[in-house]
$ cat query38.txt   # compact mmCIF, C-alpha atoms and all ligand atoms
# COMPACT_ATOMS: atom_id res chain seq x y z
CA MET A 838 0.00 0.00 0.00
CA ALA A 839 1.32 3.43 -0.91
CA ILE A 840 1.76 5.71 2.06
CA GLY A 841 3.11 8.80 0.31
CA ARG A 842 0.54 11.37 -0.76
CA SER A 843 0.17 12.38 -4.38
CA PRO A 844 -1.97 15.12 -5.90
CA SER A 845 -4.10 12.54 -7.73
CA GLN A 846 -5.04 10.81 -4.45
CA PHE A 847 -6.41 14.02 -3.01
CA ALA A 848 -7.85 15.75 -6.06
CA GLY A 849 -8.81 19.26 -5.05
CA ALA A 850 -6.90 19.11 -1.74
CA VAL A 851 -4.32 21.87 -1.18
CA GLU A 852 -0.79 20.49 -0.72
CA PRO A 853 1.16 22.30 2.02
CA MET A 854 3.74 24.52 0.31
CA ALA A 855 7.32 23.30 0.73
CA THR A 856 9.42 25.78 2.70
CA ILE A 857 13.03 26.63 2.00
CA LEU A 858 13.77 24.34 4.97
CA ASP A 859 12.26 21.34 3.11
CA LYS A 860 14.48 22.10 0.15
CA ILE A 861 17.59 22.53 2.30
CA VAL A 862 16.93 19.24 4.12
CA ALA A 863 16.52 17.37 0.81
CA VAL A 864 20.01 18.56 -0.22
CA LYS A 865 21.38 17.62 3.23
CA ARG A 866 20.25 14.02 2.76
CA GLU A 867 22.37 13.82 -0.39
CA GLU A 868 25.34 15.52 1.34
CA VAL A 869 25.20 13.07 4.24
CA ALA A 870 25.20 10.06 1.89
CA VAL A 871 28.33 11.43 0.16
CA ALA A 872 30.05 12.26 3.49
CA ARG A 873 29.31 8.80 4.93
CA ALA A 874 30.79 7.15 1.84
CA ALA A 875 33.92 9.35 2.05
CA VAL A 876 34.57 8.91 5.78
CA PRO A 877 32.74 6.00 7.42
CA LEU A 878 31.17 6.61 10.82
CA ALA A 879 33.63 4.32 12.64
CA GLU A 880 36.59 6.29 11.25
CA LEU A 881 34.97 9.61 12.18
CA ARG A 882 34.40 8.33 15.71
CA ARG A 883 38.11 7.46 15.92
CA GLN A 884 39.00 11.02 14.88
CA VAL A 885 36.98 12.49 17.78
CA ALA A 886 39.77 11.40 20.13
CA ASP A 887 42.09 13.95 18.46
CA ALA A 888 39.66 16.88 18.73
CA PRO A 889 40.52 19.63 21.23
CA PRO A 890 38.27 19.65 24.32
CA ALA A 891 35.01 21.54 23.80
CA ARG A 892 34.78 25.08 25.19
CA GLY A 893 31.70 25.91 27.25
CA PHE A 894 29.20 27.40 24.80
CA PHE A 895 26.30 27.15 27.25
CA LYS A 896 28.33 28.34 30.23
CA GLY A 897 29.07 31.84 28.88
CA LEU A 898 25.45 32.38 27.88
CA ALA A 899 24.11 31.17 31.23
CA ALA A 900 26.31 33.47 33.33
CA GLN A 901 24.78 36.71 34.71
CA ARG A 902 21.40 36.39 32.99
CA PRO A 903 19.22 39.46 32.27
CA ARG A 904 16.73 38.14 34.84
CA ASP A 905 19.55 38.59 37.42
CA GLY A 906 20.49 42.04 36.13
CA GLY A 907 23.10 40.97 33.57
CA PRO A 908 23.26 42.11 29.92
CA ILE A 909 21.86 40.26 26.93
CA LYS A 910 24.66 38.17 25.34
CA LEU A 911 25.60 38.02 21.68
CA ILE A 912 26.14 34.93 19.55
CA ALA A 913 27.70 36.61 16.53
CA GLU A 914 27.24 34.81 13.24
CA VAL A 915 29.79 34.43 10.44
CA LYS A 916 27.44 34.36 7.44
CA LYS A 917 28.43 35.15 3.87
CA ALA A 918 25.05 34.70 2.16
CA SER A 919 21.52 33.49 2.81
CA PRO A 920 18.40 32.43 0.91
CA SER A 921 16.55 35.54 2.10
CA ALA A 922 19.29 38.14 1.49
CA GLY A 923 21.54 36.66 -1.22
CA VAL A 924 25.22 37.60 -0.81
CA ILE A 925 25.55 39.68 2.35
CA ARG A 926 29.32 40.21 2.27
CA ALA A 927 31.28 39.64 -0.91
CA ASP A 928 34.52 40.72 0.78
CA PHE A 929 34.47 37.72 3.16
CA ASP A 930 37.38 36.83 5.44
CA PRO A 931 35.91 34.47 8.08
CA VAL A 932 38.82 34.65 10.52
CA ALA A 933 39.06 38.46 10.38
CA ILE A 934 35.30 38.69 10.95
CA ALA A 935 35.46 36.28 13.90
CA ARG A 936 38.33 38.29 15.41
CA ALA A 937 36.33 41.51 15.03
CA TYR A 938 33.34 39.92 16.79
CA ALA A 939 35.56 38.67 19.62
CA ALA A 940 37.28 42.04 20.09
CA ALA A 941 33.89 43.80 20.20
CA GLY A 942 32.47 41.67 23.01
CA ALA A 943 30.58 38.72 21.50
CA THR A 944 30.13 35.85 23.97
CA CYS A 945 30.04 33.07 21.36
CA LEU A 946 30.35 32.60 17.60
CA SER A 947 28.07 30.87 15.13
CA VAL A 948 29.62 29.72 11.86
CA LEU A 949 27.47 28.79 8.88
CA THR A 950 28.86 25.59 7.37
CA ASP A 951 26.15 24.99 4.76
CA ALA A 952 27.58 25.59 1.29
CA PRO A 953 24.68 25.37 -1.18
CA HIS A 954 22.40 27.96 0.44
CA PHE A 955 24.70 30.06 2.67
CA GLN A 956 28.13 29.76 0.99
CA GLY A 957 29.48 28.45 4.27
CA SER A 958 32.12 25.78 4.93
CA LEU A 959 33.36 23.50 7.68
CA ASP A 960 36.82 24.82 6.78
CA TYR A 961 35.74 28.27 8.04
CA LEU A 962 34.80 26.71 11.36
CA ARG A 963 38.16 24.91 11.61
CA ALA A 964 40.07 28.10 10.86
CA ILE A 965 38.02 30.22 13.27
CA HIS A 966 38.30 27.68 16.07
CA SER A 967 42.10 27.71 15.74
CA ALA A 968 42.36 31.52 15.59
CA VAL A 969 39.80 32.71 18.17
CA ASP A 970 39.20 31.60 21.77
CA LEU A 971 35.40 32.00 21.84
CA PRO A 972 33.13 28.93 21.82
CA VAL A 973 31.90 28.11 18.30
CA LEU A 974 28.55 26.73 17.11
CA ARG A 975 28.25 24.69 13.93
CA LYS A 976 25.30 26.41 12.22
CA ASP A 977 23.91 23.98 9.70
CA PHE A 978 20.91 21.75 9.14
CA LEU A 979 21.81 18.61 11.05
CA ILE A 980 19.76 15.52 10.36
CA ASP A 981 22.26 12.72 10.95
CA GLU A 982 24.78 11.55 13.56
CA HIS A 983 27.56 11.78 10.96
CA GLN A 984 27.17 15.59 10.83
CA VAL A 985 27.21 15.89 14.64
CA ILE A 986 30.41 13.86 14.99
CA GLU A 987 31.95 15.72 12.02
CA ALA A 988 31.22 18.98 13.86
CA ARG A 989 33.15 17.85 16.94
CA VAL A 990 36.07 16.61 14.84
CA ALA A 991 36.23 20.03 13.15
CA GLY A 992 36.41 21.74 16.57
CA ALA A 993 32.79 22.78 17.13
CA ASP A 994 31.84 23.40 20.76
CA ALA A 995 28.11 23.31 20.03
CA VAL A 996 25.68 22.30 17.30
CA LEU A 997 22.36 23.69 16.18
CA LEU A 998 19.44 21.26 16.13
CA ILE A 999 16.26 22.51 14.44
CA ALA A 1000 13.03 20.88 15.62
CA GLU A 1001 11.35 21.53 12.25
CA CYS A 1002 13.98 19.31 10.53
CA LEU A 1003 13.76 16.34 12.92
CA SER A 1004 11.26 13.92 14.44
CA PRO A 1005 11.05 14.08 18.26
CA THR A 1006 13.05 10.82 18.43
CA GLN A 1007 15.78 12.12 16.09
CA LEU A 1008 15.92 15.36 18.08
CA ALA A 1009 16.40 13.46 21.36
CA ASP A 1010 19.00 11.13 19.78
CA LEU A 1011 21.10 13.91 18.23
CA HIS A 1012 20.83 15.98 21.40
CA GLY A 1013 22.07 12.99 23.42
CA LEU A 1014 24.92 12.43 20.95
CA ALA A 1015 26.06 16.07 21.16
CA LYS A 1016 26.19 15.77 24.96
CA GLU A 1017 28.02 12.44 24.77
CA LEU A 1018 30.67 14.16 22.62
CA GLY A 1019 31.03 16.97 25.17
CA MET A 1020 29.25 19.61 23.07
CA ASP A 1021 26.31 21.84 23.90
CA ALA A 1022 23.27 21.95 21.64
CA LEU A 1023 21.23 24.99 20.74
CA VAL A 1024 17.78 23.56 20.05
CA GLU A 1025 15.74 25.81 17.76
CA PHE A 1026 12.06 25.87 16.92
CA TYR A 1027 9.65 28.16 15.11
CA GLU A 1028 6.33 26.36 15.26
CA PRO A 1029 4.69 26.44 18.73
CA THR A 1030 3.60 22.81 18.16
CA ASN A 1031 7.27 21.76 18.37
CA LEU A 1032 7.79 23.18 21.86
CA ALA A 1033 6.86 19.88 23.56
CA ALA A 1034 9.50 17.93 21.58
CA VAL A 1035 12.12 20.58 22.38
CA LEU A 1036 11.47 20.31 26.11
CA ALA A 1037 11.20 16.50 25.98
CA CYS A 1038 14.70 16.14 24.49
CA GLY A 1039 16.14 17.78 27.61
CA ALA A 1040 17.30 21.00 25.95
CA ARG A 1041 18.62 23.62 28.35
CA LEU A 1042 19.61 26.07 25.59
CA VAL A 1043 16.65 26.90 23.35
CA GLY A 1044 16.41 29.29 20.40
CA VAL A 1045 13.34 30.65 18.69
CA ASN A 1046 13.62 31.84 15.13
CA ASN A 1047 11.80 35.05 14.29
CA ARG A 1048 11.95 34.39 10.53
CA ASN A 1049 8.86 32.85 8.97
CA LEU A 1050 10.30 30.49 6.38
CA HIS A 1051 7.23 30.67 4.15
CA THR A 1052 7.42 34.45 3.76
CA PHE A 1053 10.89 35.35 5.20
CA GLN A 1054 9.10 37.98 7.28
CA ILE A 1055 10.58 38.85 10.67
CA ASP A 1056 8.57 39.31 13.86
CA LEU A 1057 10.53 39.85 17.09
CA GLY A 1058 7.22 39.44 18.93
CA HIS A 1059 7.36 35.73 18.03
CA CYS A 1060 10.36 34.99 20.28
CA GLU A 1061 8.94 37.19 23.04
CA GLN A 1062 5.74 35.17 22.97
CA MET A 1063 7.55 31.79 22.92
CA HIS A 1064 9.90 32.92 25.70
CA ARG A 1065 6.89 33.24 27.99
CA GLU A 1066 6.04 29.56 27.34
CA LEU A 1067 9.43 28.20 28.47
CA PRO A 1068 10.57 27.29 31.99
CA ALA A 1069 12.74 29.97 33.61
CA GLU A 1070 15.75 27.64 33.89
CA VAL A 1071 16.01 27.32 30.09
CA VAL A 1072 18.59 29.73 28.63
CA PHE A 1073 16.77 31.42 25.77
CA VAL A 1074 18.19 32.72 22.47
CA ALA A 1075 16.32 35.07 20.11
CA GLU A 1076 17.31 34.31 16.52
CA SER A 1077 17.13 36.30 13.27
CA GLY A 1078 16.15 39.80 12.24
CA ILE A 1079 17.82 41.65 15.13
CA ARG A 1080 19.21 44.87 13.72
CA THR A 1081 19.49 47.72 16.21
CA ARG A 1082 20.42 48.56 19.78
CA ALA A 1083 16.72 49.23 20.36
CA ASP A 1084 15.96 45.62 19.28
CA ALA A 1085 18.59 44.32 21.72
CA GLU A 1086 17.21 46.44 24.56
CA ARG A 1087 13.69 45.25 23.80
CA LEU A 1088 14.78 41.58 24.03
CA GLN A 1089 16.80 42.20 27.18
CA ALA A 1090 13.80 43.90 28.81
CA ALA A 1091 11.77 40.77 28.01
CA GLY A 1092 14.33 38.70 29.96
CA ILE A 1093 15.79 37.01 26.85
CA ASP A 1094 19.29 35.75 27.58
CA ALA A 1095 21.00 35.97 24.20
CA MET A 1096 20.58 37.04 20.59
CA LEU A 1097 21.92 35.31 17.50
CA VAL A 1098 22.77 37.96 14.93
CA GLY A 1099 24.26 37.61 11.46
CA GLU A 1100 23.00 39.70 8.57
CA SER A 1101 22.76 43.13 10.21
CA LEU A 1102 26.39 42.91 11.40
CA MET A 1103 27.83 41.16 8.36
CA GLY A 1104 26.53 43.92 6.10
CA GLN A 1105 28.44 46.67 7.92
CA ALA A 1106 31.74 48.14 6.70
CA ASP A 1107 33.14 48.16 10.27
CA ILE A 1108 31.92 44.95 11.89
CA ALA A 1109 33.61 45.57 15.25
CA MET A 1110 32.08 49.03 15.57
CA ALA A 1111 28.62 47.75 14.60
CA THR A 1112 28.92 44.91 17.12
CA LYS A 1113 29.87 47.32 19.91
CA ALA A 1114 26.90 49.53 19.00
CA LEU A 1115 24.54 46.55 19.15
CA LEU A 1116 25.89 45.67 22.60
CA GLY A 1117 25.60 49.26 23.80
CA ALA A 1118 29.34 49.45 24.32
CA ASN A 1119 29.66 52.81 22.55
CA ALA A 1120 27.18 54.54 24.85
O1 LIG B 1 18.80 33.57 6.90
C1 LIG B 1 18.02 33.01 6.10
O2 LIG B 1 17.63 33.52 5.03
C2 LIG B 1 17.53 31.61 6.36
C3 LIG B 1 16.76 30.97 5.41
C4 LIG B 1 16.33 29.68 5.61
C5 LIG B 1 16.66 29.00 6.76
C6 LIG B 1 17.44 29.63 7.74
C7 LIG B 1 17.87 30.91 7.54
N1 LIG B 1 18.68 31.53 8.47
C8 LIG B 1 19.29 30.84 9.51
C9 LIG B 1 19.31 31.59 10.77
O3 LIG B 1 18.76 31.12 11.72
C10 LIG B 1 20.02 32.92 10.81
O4 LIG B 1 21.22 32.81 10.09
C11 LIG B 1 20.36 33.42 12.21
O5 LIG B 1 19.28 33.36 13.06
C12 LIG B 1 20.82 34.89 12.11
O6 LIG B 1 19.79 35.64 11.52
P1 LIG B 1 20.05 37.08 10.88
O7 LIG B 1 20.61 37.96 11.96
O8 LIG B 1 18.74 37.55 10.40
O9 LIG B 1 21.06 36.88 9.79

$ encode --input "query38.txt" --output "structure tokens"
Amino acid sequence: MAIGRSPSQFAGAVEPMATILDKIVAVKREEVAVARAAVPLAELRRQVADAPPARGFFKGLAAQRPRDGGPIKLIAEVKKASPSAGVIRADFDPVAIARAYAAAGATCLSVLTDAPHFQGSLDYLRAIHSAVDLPVLRKDFLIDEHQVIEARVAGADAVLLIAECLSPTQLADLHGLAKELGMDALVEFYEPTNLAAVLACGARLVGVNNRNLHTFQIDLGHCEQMHRELPAEVVFVAESGIRTRADAERLQAAGIDAMLVGESLMGQADIAMATKALLGANA
């Protein structure tokens, strides 16, 4: 019996429109098959032993939280291009950008490693990890254990897991694997219906994306609303569309612990100065 749906089976029914995330995940499945053939899982697991110990990604974000009077923290993203913006920075030197973020007061770094849609690379993460002391997140669309182990081997201190890309079981399994390898996991969701799976996997660092992937529209109110639904002990990250000091102050006033910011900083001529302005360090 066929279990997949086809338009002819449901004549007149409206198929849900595929999001950019569906398209990205389809490409990831092909990438994982190629990567597994190139470096088998057992070999990759052997390589983990040579990886430097993970730096505390969660620890820095959990210290002195806004609810205790501390400032909102910055996870600064190294992002050359995106599906919503196209090329953000043609003049792209990942290590120089990471150094500028570190000098300007970022708490952690996020490095896009997806090539087809973001022009990222795992090589950028390797280079940044060697050159800069801050904890580094592998920002990609992880759907398989091979990618999580590969992240650790490359030097990642944390991985992003997106609830919309994974079943609740996969989410729990990849979260457990990240922990087993000594990494932290930033568990992201957009759809309120995925909140239960995020909490069930044991996430203590949770991000909510403000970008609607059907329309690419940004609504900072989305993360404020979701933040109210989460237990106070969860360290909360607002993701996407944060542009100004006023945005940062708004999130801090809501008790949000950290912001993940890429595009609005990457598009600036002086990244360090823009980062300081976002953190209120020029005031
Ligand atoms: O940035 C996009 O266009 C995008 C499209 C499809 C899936 C994910 C996408 N972004 C990933 C992110 O979560 C952002 O890179 C991150 O939150 C930083 O956002 P921003 O400050 O708006 O660059």

$ atom_distance --input "query38.txt" --atom1 "atom CA of A:Leu959" --atom2 "atom CA of A:Arg975"
8.2 Å

$ closest_atom_pairs --input "query38.txt" --of "chain A" --to "ligand LIG 1 (chain B)" --cutoff "6 Å" --atoms "only C-alpha atoms and all ligand atoms" --output "JSON lines"
{"residue": "A:Ile857", "atom": "CA", "partner": "B:LIG1", "partner_atom": "C4", "distance": 5.8}
{"residue": "A:Leu858", "atom": "CA", "partner": "B:LIG1", "partner_atom": "C5", "distance": 5.8}
{"residue": "A:Ser919", "atom": "CA", "partner": "B:LIG1", "partner_atom": "O2", "distance": 4.5}
{"residue": "A:Pro920", "atom": "CA", "partner": "B:LIG1", "partner_atom": "O2", "distance": 4.3}
{"residue": "A:Ser921", "atom": "CA", "partner": "B:LIG1", "partner_atom": "O2", "distance": 3.7}
{"residue": "A:Glu1076", "atom": "CA", "partner": "B:LIG1", "partner_atom": "O5", "distance": 4.1}
{"residue": "A:Ser1077", "atom": "CA", "partner": "B:LIG1", "partner_atom": "O6", "distance": 3.3}
{"residue": "A:Gly1078", "atom": "CA", "partner": "B:LIG1", "partner_atom": "O8", "distance": 3.9}
{"residue": "A:Ile1079", "atom": "CA", "partner": "B:LIG1", "partner_atom": "O7", "distance": 5.6}
{"residue": "A:Leu1097", "atom": "CA", "partner": "B:LIG1", "partner_atom": "C12", "distance": 5.5}
{"residue": "A:Val1098", "atom": "CA", "partner": "B:LIG1", "partner_atom": "O7", "distance": 3.7}
{"residue": "A:Gly1099", "atom": "CA", "partner": "B:LIG1", "partner_atom": "O9", "distance": 3.7}
{"residue": "A:Glu1100", "atom": "CA", "partner": "B:LIG1", "partner_atom": "O9", "distance": 3.6}
{"residue": "A:Ser1101", "atom": "CA", "partner": "B:LIG1", "partner_atom": "O7", "distance": 5.9}

$ residues_around --input "query38.txt" --residues "A:Ala1118" --least-positions-apart "6" --cutoff "10 Å" --atoms "only C-alpha atoms" --output "short mmCIF file (atom, residue, chain, number, x, y, z; two decimals) with C-alpha atoms, in the frame of the given file"
data_model
loop_
_atom_site.label_atom_id
_atom_site.label_comp_id
_atom_site.auth_asym_id
_atom_site.auth_seq_id
_atom_site.Cartn_x
_atom_site.Cartn_y
_atom_site.Cartn_z
CA ALA A 941 33.89 43.80 20.20
CA GLY A 942 32.47 41.67 23.01
CA MET A 1110 32.08 49.03 15.57
CA ALA A 1111 28.62 47.75 14.60
CA THR A 1112 28.92 44.91 17.12
#

$ atom_distance --input "query38.txt" --atom1 "atom CA of A:Lys910" --atom2 "atom CA of A:Ala943"
7.1 Å

$ closest_atom_pairs --input "query38.txt" --of "stretch 839-942 of chain A" --to "stretch 1032-1056 of chain A" --cutoff "12 Å" --atoms "all atoms listed in the file" --output "Markdown table"
| residue | atom | partner | partner_atom | distance |
| --- | --- | --- | --- | --- |
| A:Pro853 | CA | A:His1051 | CA | 10.6 |
| A:Met854 | CA | A:His1051 | CA | 8.0 |
| A:Ala855 | CA | A:His1051 | CA | 8.1 |
| A:Thr856 | CA | A:His1051 | CA | 5.6 |
| A:Ile857 | CA | A:Leu1050 | CA | 6.4 |
| A:Leu858 | CA | A:Leu1050 | CA | 7.2 |
| A:Asp859 | CA | A:Leu1050 | CA | 9.9 |
| A:Lys860 | CA | A:Leu1050 | CA | 11.3 |
| A:Ile861 | CA | A:Leu1050 | CA | 11.5 |
| A:Phe894 | CA | A:Leu1042 | CA | 9.7 |
| A:Phe895 | CA | A:Leu1042 | CA | 7.0 |
| A:Lys896 | CA | A:Leu1042 | CA | 10.1 |
| A:Gly897 | CA | A:Leu1042 | CA | 11.6 |
| A:Leu898 | CA | A:Leu1042 | CA | 8.9 |
| A:Ala899 | CA | A:Leu1042 | CA | 8.8 |
| A:Ile912 | CA | A:Gly1044 | CA | 11.3 |
| A:Ser919 | CA | A:Phe1053 | CA | 11.1 |
| A:Pro920 | CA | A:Phe1053 | CA | 9.1 |
| A:Ser921 | CA | A:Phe1053 | CA | 6.5 |
| A:Ala922 | CA | A:Phe1053 | CA | 9.6 |

$ residues_around --input "query38.txt" --residues "A:Gln884" --least-positions-apart "3" --cutoff "10 Å" --atoms "all atoms listed in the file" --output "compact mmCIF listing (two decimals) with C-alpha atoms, in the frame of the given file"
# COMPACT_ATOMS: atom_id res chain seq x y z
CA LEU A 878 31.17 6.61 10.82
CA ALA A 879 33.63 4.32 12.64
CA GLU A 880 36.59 6.29 11.25
CA LEU A 881 34.97 9.61 12.18
CA ASP A 887 42.09 13.95 18.46
CA ALA A 888 39.66 16.88 18.73
CA ILE A 986 30.41 13.86 14.99
CA GLU A 987 31.95 15.72 12.02
CA ARG A 989 33.15 17.85 16.94
CA VAL A 990 36.07 16.61 14.84
CA ALA A 991 36.23 20.03 13.15

$ atom_distance --input "query38.txt" --atom1 "atom CA of A:Pro908" --atom2 "atom CA of A:Thr944"
11.0 Å

$ closest_residue --input "query38.txt" --among "A:Leu1102, A:Leu946, A:His1012, A:Gln984" --to "A:Val871" --atoms "all atoms listed in the file"
A:Gln984

$ closest_residue --input "query38.txt" --among "A:Val876, A:Ala900, A:Ala1090, A:Ala1009" --to "A:His983" --atoms "all atoms listed in the file"
A:Val876

$ closest_residue --input "query38.txt" --among "A:Glu914, A:Asp930, A:Asp905, A:Glu1017" --to "A:Val885" --atoms "only C-alpha atoms"
A:Glu1017

$ closest_residue --input "query38.txt" --among "A:Gln1089, A:Ala1069, A:Val1024, A:Asp981" --to "A:Ala872" --atoms "all atoms listed in the file"
A:Asp981

$ closest_residue --input "query38.txt" --among "A:Ala875, A:Lys916, A:Pro1068, A:Met1063" --to "A:Asp928" --atoms "all atoms listed in the file"
A:Lys916

$ closest_residue --input "query38.txt" --among "A:Leu1116, A:Leu971, A:Val915, A:Ala1109" --to "A:Ala940" --atoms "all atoms listed in the file"
A:Ala1109

$ residues_around --input "query38.txt" --residues "A:Gly1092" --least-positions-apart "6" --cutoff "9 Å" --atoms "only C-alpha atoms" --output "list in words"
Arg902, Pro903, Arg904, Ile909, Glu1061, His1064 and Phe1073 of chain A

$ residues_near_point --input "query38.txt" --point "(39.3, 32.9, 2.4)" --cutoff "12 Å" --atoms "all atoms listed in the file" --output "count of residues only"
17

$ residues_around --input "query38.txt" --residues "A:Thr1081" --least-positions-apart "5" --cutoff "9 Å" --atoms "all atoms listed in the file" --output "ChimeraX atom specification"
/A:1086,1101,1114-1115
